[in-house]
Amino acid sequence: MNLLAFRRMRGLLRKEFLQIWRDPSALAIAFVLPAVLLLIFGYGVSLDARNVPLGLVVEQPSALAASFTGAFGHSPYFRPRSFLTIQDAERAMRAREVQGIIWLPSNFARRAQHGGNAPIGVIVNGVDANDARLIEGYVQQVWATWLTAQARAQGHPSPTPLSVQPRVRFNPAVSSRNYLVPGLIAVIMTLTGALLTALVIAREWERGTMEALMVTRVAMREILLAKLIPYFLLGMGGMAASVAMAVLLFGVPLLGSWWVLGGASALFMLAALGMGLLISSVAHNQFVAGQIAIITTFLPAFLLSGFVFDIGSMPGVVQLITHVVAARYFVAILQSVFLAGDVWSVILPNALALAAMAAIFLGLARAAFRRRLD
Amino acid sequence: MWSQVVALLIKELLAVLRDAKSRAVLIGPPLIQLMVFGYAATFDLNHVPIAIYNQDTSQASRELVAHFAGSPTFHVVAMLGSERRIDSLIGSRQVQLVLVIDRRFTRDLLTHQPAPVQAIVDGRNSNTALLIEGYANTILTNFALNWEAAHGGPAPPAVLVLRALYNPTLSSRWFIVPGIVALLTQVVTLLVVGLSVARERETGTFDQLLVTPMRPVDILLGKGLPGVLIGTVEASVIVAAAVAWFGIPLRGGLLPLYLGLLLFVIAVTGIGLMISSLASTQQQALLGAFLFMVPSIILSGFATPIANMPVWVQDLTLINPMRYFLVIVRGVFLQGAGIGSLSSQYWPMAVIGAVNLIAAAWLFRRRTL
């Protein structure tokens, strides 16, 4: 009996592997899609503002004004451009030619030397709010450095009474690629795991071959298992390829250990496959399955996982919703394993949550499959 | 000829709208996405958990702590008594910033020595880290300036007066929600058009359509127009929601907005038709749509500025219609831009649309004749 079950399983697996092998679209989703996405994201997505076009308006040239505006020329963040009047500069901003304007009014030097607190106008284009904030931050840095230099030139001991020493743990270069690429792997694996299974199995439902499989003497458990194993292997293959790309191509440091990464990925892959199975059995056809897969897996993984947008800053209700997004836990593990090492206080709770989600989704999928047959 | 195209158009609309699940897919998900994006996609920080290790217990340092505790950006979750817990608090993500105030803080302030303050930030999310650093710096600078002024120190020669045009509170929702108009319009249009031919190919009704007296161009029109129609309606709903629900100011006119929308939807429909004519199954069509959609969203400036990309990627974005439409939507919404100042965005989309439609017609003819 056991031997029979084993041979049945082997036959089923053989069928699934052949099916994958003969349909290039499944292999494409598993390997080409992650590679293409990683390349596009890795090169295309960067939040680090560099060479921001900046308009400088100096209404009355002076040595002091020149020392301030000169600081922007040396900064890697800015590409300064001079305008004669503030109106010209604002026109350029409206035409999206400059992102920010530094405006030194005509009384700048006089006020700075008599009494101080001379106002320097800083106008940023607020359309891209995040960019605008970063630019404001960079301008403040330039200003603080300039204050120090000015004070030193005049022999004051300290210009601003504080000396702030910023220290960045885990990503000292504060490179957005280092944190985006690990998170990205979670997003891509969600896609591969859920979209792949959802589409492939929805097609079987659509064509009626799933029912045909079910009327054979094969047990439901075996059918599900035979579906899971090949796609699990496919997904893990894609995962390994993505990690290799992240480390070798994008130079993201991998400080944690391989086996933690592999174990967490396996748990996450099971959860994603479970969601894919569930979606395929709820949806009637591929169109609907594809849509549901994108809405319930890809978008949440992108938006609600903390991959780009900070979960702590979302409204309370949305924060609650993020707890049912498997990618949230995986992103937390990935970012820590890549950039901080094996931080068990992050890995353990998140891995447990992933295991629970995998169990729930696979259980639900099994129940849904049984109901479909009735 | 036109009556035939109209008949096909009606048939297409019925095919999409009659099936309850397909209908739901057109209405439900976009609204869910709008809500989720509108509320979740924010770069603004608030209640960032921080810890403070204050080694100095005198008045000045307590005042500085109060500045942080009173800020809406930060939420002080722990006052540390030693350095020991700093690493574990940041490592386990319980806090994102630890402020270490040195033992000599007040003494240095009073003797006009630079008083050391250390700000330790979790760099795993680099964007958040930079923003946190920025916020912390602002608080520290304000504190320092106030302190100097109150204790008779020299005033700094100059101060910054910050002002943001078009979005005075720098709310990222004002940036993201208009972008969603472009995003969802593209998704819906592409799915409606991209899958329509593949669905008929799968069910075998496409051959029946081909033996009717309609020319391939008529069929193409009948397949493309529903996408233009549904995309435009969908966009209108989202624009209305952006204004009525999210309170995003619509400062410009509807004419520049709809001119851009029409050109954009036509360009996307052209891409949908190309996918449609190449794909023989719905799965292939869906994959094709996806393979186009994801890069086009990433490389459009929707979430991250195009200017930050490497130059060769920036050049690549020039063929992406969404890039131009995003500038139009945001320009009309926030800057009140008119047709004149947006003309540099209209014509590339028109060119892309024309090329797409011609390519689609050519592909379609080749696949059907």
# chains A, B, ... in the order shown; residues from 1 in each chain; ligands from 1
>>> select_by_dssp(residues="range 53-296 of chain B", states="alpha helix (DSSP H)", output="PyMOL selection string")
chain B and resi 59-70+86-91+105-110+126-150+172-203+205-210+216-244+254-278+282-296
>>> select_by_dssp(residues="range 90-220 of chain B", states="strand (DSSP E)", output="mmCIF file with N, CA and C atoms, in the first residue's frame")
data_model
loop_
_atom_site.group_PDB
_atom_site.id
_atom_site.type_symbol
_atom_site.label_atom_id
_atom_site.label_comp_id
_atom_site.auth_asym_id
_atom_site.auth_seq_id
_atom_site.Cartn_x
_atom_site.Cartn_y
_atom_site.Cartn_z
ATOM 1 N N LEU B 97 15.720 55.364 16.912
ATOM 2 C CA LEU B 97 16.724 56.392 17.187
ATOM 3 C C LEU B 97 17.048 56.352 18.671
ATOM 4 N N VAL B 98 18.336 56.405 18.994
ATOM 5 C CA VAL B 98 18.734 56.565 20.392
ATOM 6 C C VAL B 98 19.553 57.846 20.487
ATOM 7 N N LEU B 99 19.115 58.707 21.386
ATOM 8 C CA LEU B 99 19.798 59.973 21.590
ATOM 9 C C LEU B 99 20.660 59.826 22.837
ATOM 10 N N VAL B 100 21.966 60.033 22.706
ATOM 11 C CA VAL B 100 22.847 59.917 23.865
ATOM 12 C C VAL B 100 23.347 61.313 24.237
ATOM 13 N N ILE B 101 22.934 61.774 25.401
ATOM 14 C CA ILE B 101 23.355 63.108 25.862
ATOM 15 C C ILE B 101 24.525 62.922 26.824
ATOM 16 N N ALA B 115 28.678 71.154 22.967
ATOM 17 C CA ALA B 115 28.169 70.100 23.843
ATOM 18 C C ALA B 115 27.804 68.883 23.011
ATOM 19 N N PRO B 116 28.413 67.729 23.336
ATOM 20 C CA PRO B 116 28.202 66.568 22.472
ATOM 21 C C PRO B 116 26.857 65.874 22.687
ATOM 22 N N VAL B 117 26.185 65.588 21.573
ATOM 23 C CA VAL B 117 24.961 64.793 21.569
ATOM 24 C C VAL B 117 25.133 63.758 20.479
ATOM 25 N N GLN B 118 24.863 62.490 20.810
ATOM 26 C CA GLN B 118 25.007 61.455 19.794
ATOM 27 C C GLN B 118 23.625 60.998 19.342
ATOM 28 N N ALA B 119 23.425 60.899 18.046
ATOM 29 C CA ALA B 119 22.150 60.394 17.528
ATOM 30 C C ALA B 119 22.438 59.086 16.795
ATOM 31 N N ILE B 120 21.973 57.964 17.358
ATOM 32 C CA ILE B 120 22.222 56.660 16.735
ATOM 33 C C ILE B 120 20.944 56.227 16.022
ATOM 34 N N VAL B 121 21.053 56.015 14.724
ATOM 35 C CA VAL B 121 19.874 55.749 13.910
ATOM 36 C C VAL B 121 19.954 54.342 13.324
ATOM 37 N N ASP B 122 18.797 53.670 13.210
ATOM 38 C CA ASP B 122 18.721 52.373 12.535
ATOM 39 C C ASP B 122 18.741 52.620 11.030
ATOM 40 N N ALA B 158 23.170 83.943 10.069
ATOM 41 C CA ALA B 158 22.003 83.787 9.200
ATOM 42 C C ALA B 158 21.184 82.583 9.636
ATOM 43 N N VAL B 159 19.887 82.633 9.388
ATOM 44 C CA VAL B 159 19.020 81.492 9.682
ATOM 45 C C VAL B 159 18.234 81.128 8.424
ATOM 46 N N LEU B 160 17.792 79.883 8.361
ATOM 47 C CA LEU B 160 17.038 79.431 7.196
ATOM 48 C C LEU B 160 15.553 79.663 7.422
ATOM 49 N N VAL B 161 14.867 80.155 6.403
ATOM 50 C CA VAL B 161 13.416 80.271 6.447
ATOM 51 C C VAL B 161 12.884 79.311 5.398
ATOM 52 N N LEU B 162 12.324 78.186 5.842
ATOM 53 C CA LEU B 162 11.924 77.136 4.900
ATOM 54 C C LEU B 162 10.490 77.359 4.430
ATOM 55 N N ARG B 163 10.277 77.123 3.145
ATOM 56 C CA ARG B 163 8.920 77.248 2.601
ATOM 57 C C ARG B 163 8.787 76.232 1.471
ATOM 58 N N ALA B 164 7.662 75.531 1.422
ATOM 59 C CA ALA B 164 7.438 74.571 0.347
ATOM 60 C C ALA B 164 6.309 75.075 -0.541
ATOM 61 N N LEU B 165 6.584 75.162 -1.825
ATOM 62 C CA LEU B 165 5.556 75.588 -2.766
ATOM 63 C C LEU B 165 4.666 74.406 -3.123
#
>>> residues_around(residues="range 310-312 of chain A", least_positions_apart="6", cutoff="10 Å", atoms="only C-alpha atoms", output="short mmCIF file (atom, residue, chain, number, x, y, z; two decimals) with C-alpha atoms, in the first residue's frame")
data_model
loop_
_atom_site.label_atom_id
_atom_site.label_comp_id
_atom_site.auth_asym_id
_atom_site.auth_seq_id
_atom_site.Cartn_x
_atom_site.Cartn_y
_atom_site.Cartn_z
CA LEU A 303 2.80 48.69 0.20
CA LEU A 304 2.01 47.13 3.56
CA VAL A 318 -3.84 50.03 8.28
CA GLN A 319 -1.18 48.91 10.78
CA LEU A 320 -3.56 46.19 11.98
CA THR A 322 -0.35 44.69 7.86
CA ARG A 328 5.66 42.00 6.35
CA ALA B 40 -0.60 53.38 3.59
CA ALA B 41 1.74 54.89 1.05
CA THR B 42 3.21 57.67 3.09
CA PHE B 43 6.77 58.77 3.59
CA ASP B 44 5.70 61.07 6.42
CA LEU B 45 6.92 59.98 9.81
CA ASN B 46 5.04 60.23 13.05
CA HIS B 47 5.33 58.53 16.44
CA VAL B 48 8.76 57.16 15.60
CA PRO B 49 9.78 55.17 18.69
CA ASN B 125 15.52 51.66 6.07
CA ASN B 127 15.01 56.76 3.73
CA THR B 128 13.48 56.68 7.19
#
>>> residues_around(residues="Ala279 in chain B", least_positions_apart="5", cutoff="8 Å", atoms="only C-alpha atoms", output="list of chain:residue names")
B:Ala198, B:Gln284, B:Ala285, B:Gly288
>>> write_last_selection(atoms="N, CA and C atoms", output="mmCIF file, in the first residue's frame")
data_model
loop_
_atom_site.group_PDB
_atom_site.id
_atom_site.type_symbol
_atom_site.label_atom_id
_atom_site.label_comp_id
_atom_site.auth_asym_id
_atom_site.auth_seq_id
_atom_site.Cartn_x
_atom_site.Cartn_y
_atom_site.Cartn_z
ATOM 1 N N ALA B 198 -7.371 37.507 -26.187
ATOM 2 C CA ALA B 198 -6.928 36.201 -25.694
ATOM 3 C C ALA B 198 -8.113 35.378 -25.192
ATOM 4 N N GLN B 284 -0.881 34.026 -20.847
ATOM 5 C CA GLN B 284 0.194 34.749 -21.524
ATOM 6 C C GLN B 284 -0.092 36.242 -21.540
ATOM 7 N N ALA B 285 -1.376 36.583 -21.794
ATOM 8 C CA ALA B 285 -1.737 37.997 -21.861
ATOM 9 C C ALA B 285 -1.515 38.657 -20.502
ATOM 10 N N GLY B 288 2.084 39.096 -19.945
ATOM 11 C CA GLY B 288 2.561 40.199 -20.777
ATOM 12 C C GLY B 288 2.201 41.530 -20.150
#
>>> residues_around(residues="range 133-143 of chain B", least_positions_apart="3", cutoff="9 Å", atoms="only C-alpha atoms", output="VMD selection string")
(chain A and resid 133 to 134 136 to 138 140 to 141 144 160 to 162 164 166) or (chain B and resid 63 to 64 67 to 68 71 73 to 74 97 117 119 to 121 128 to 130 146 to 148)
>>> residues_around(residues="Leu363 in chain B", least_positions_apart="4", cutoff="12 Å", atoms="only C-alpha atoms", output="ChimeraX atom specification")
/B:216-217,220,270-271,273-279,356-359,367-369
>>> residues_around(residues="range 175-187 of chain A", least_positions_apart="6", cutoff="9 Å", atoms="only C-alpha atoms", output="PyMOL selection string")
(chain A and resi 34+37-38+41-43+45-48+239+242-243+246+250-253+265+268+297-302+305-308+327-328+330-332+334-335+338-339) or (chain B and resi 123-127)
>>> atom_distance(atom1="CA of Thr317 in chain B", atom2="CA of Ile297 in chain B")
10.1 Å
>>> closest_residue(among="B:Gly222, B:Pro348, B:Pro310, B:Gly272", to="chain A", atoms="only C-alpha atoms")
B:Pro310
>>> closest_residue(among="A:Ala355, A:Ile20, A:Val317, A:Val260", to="chain B", atoms="only C-alpha atoms")
A:Val317
>>> atom_distance(atom1="CA of Met236 in chain A", atom2="CA of Ile295 in chain A")
22.8 Å
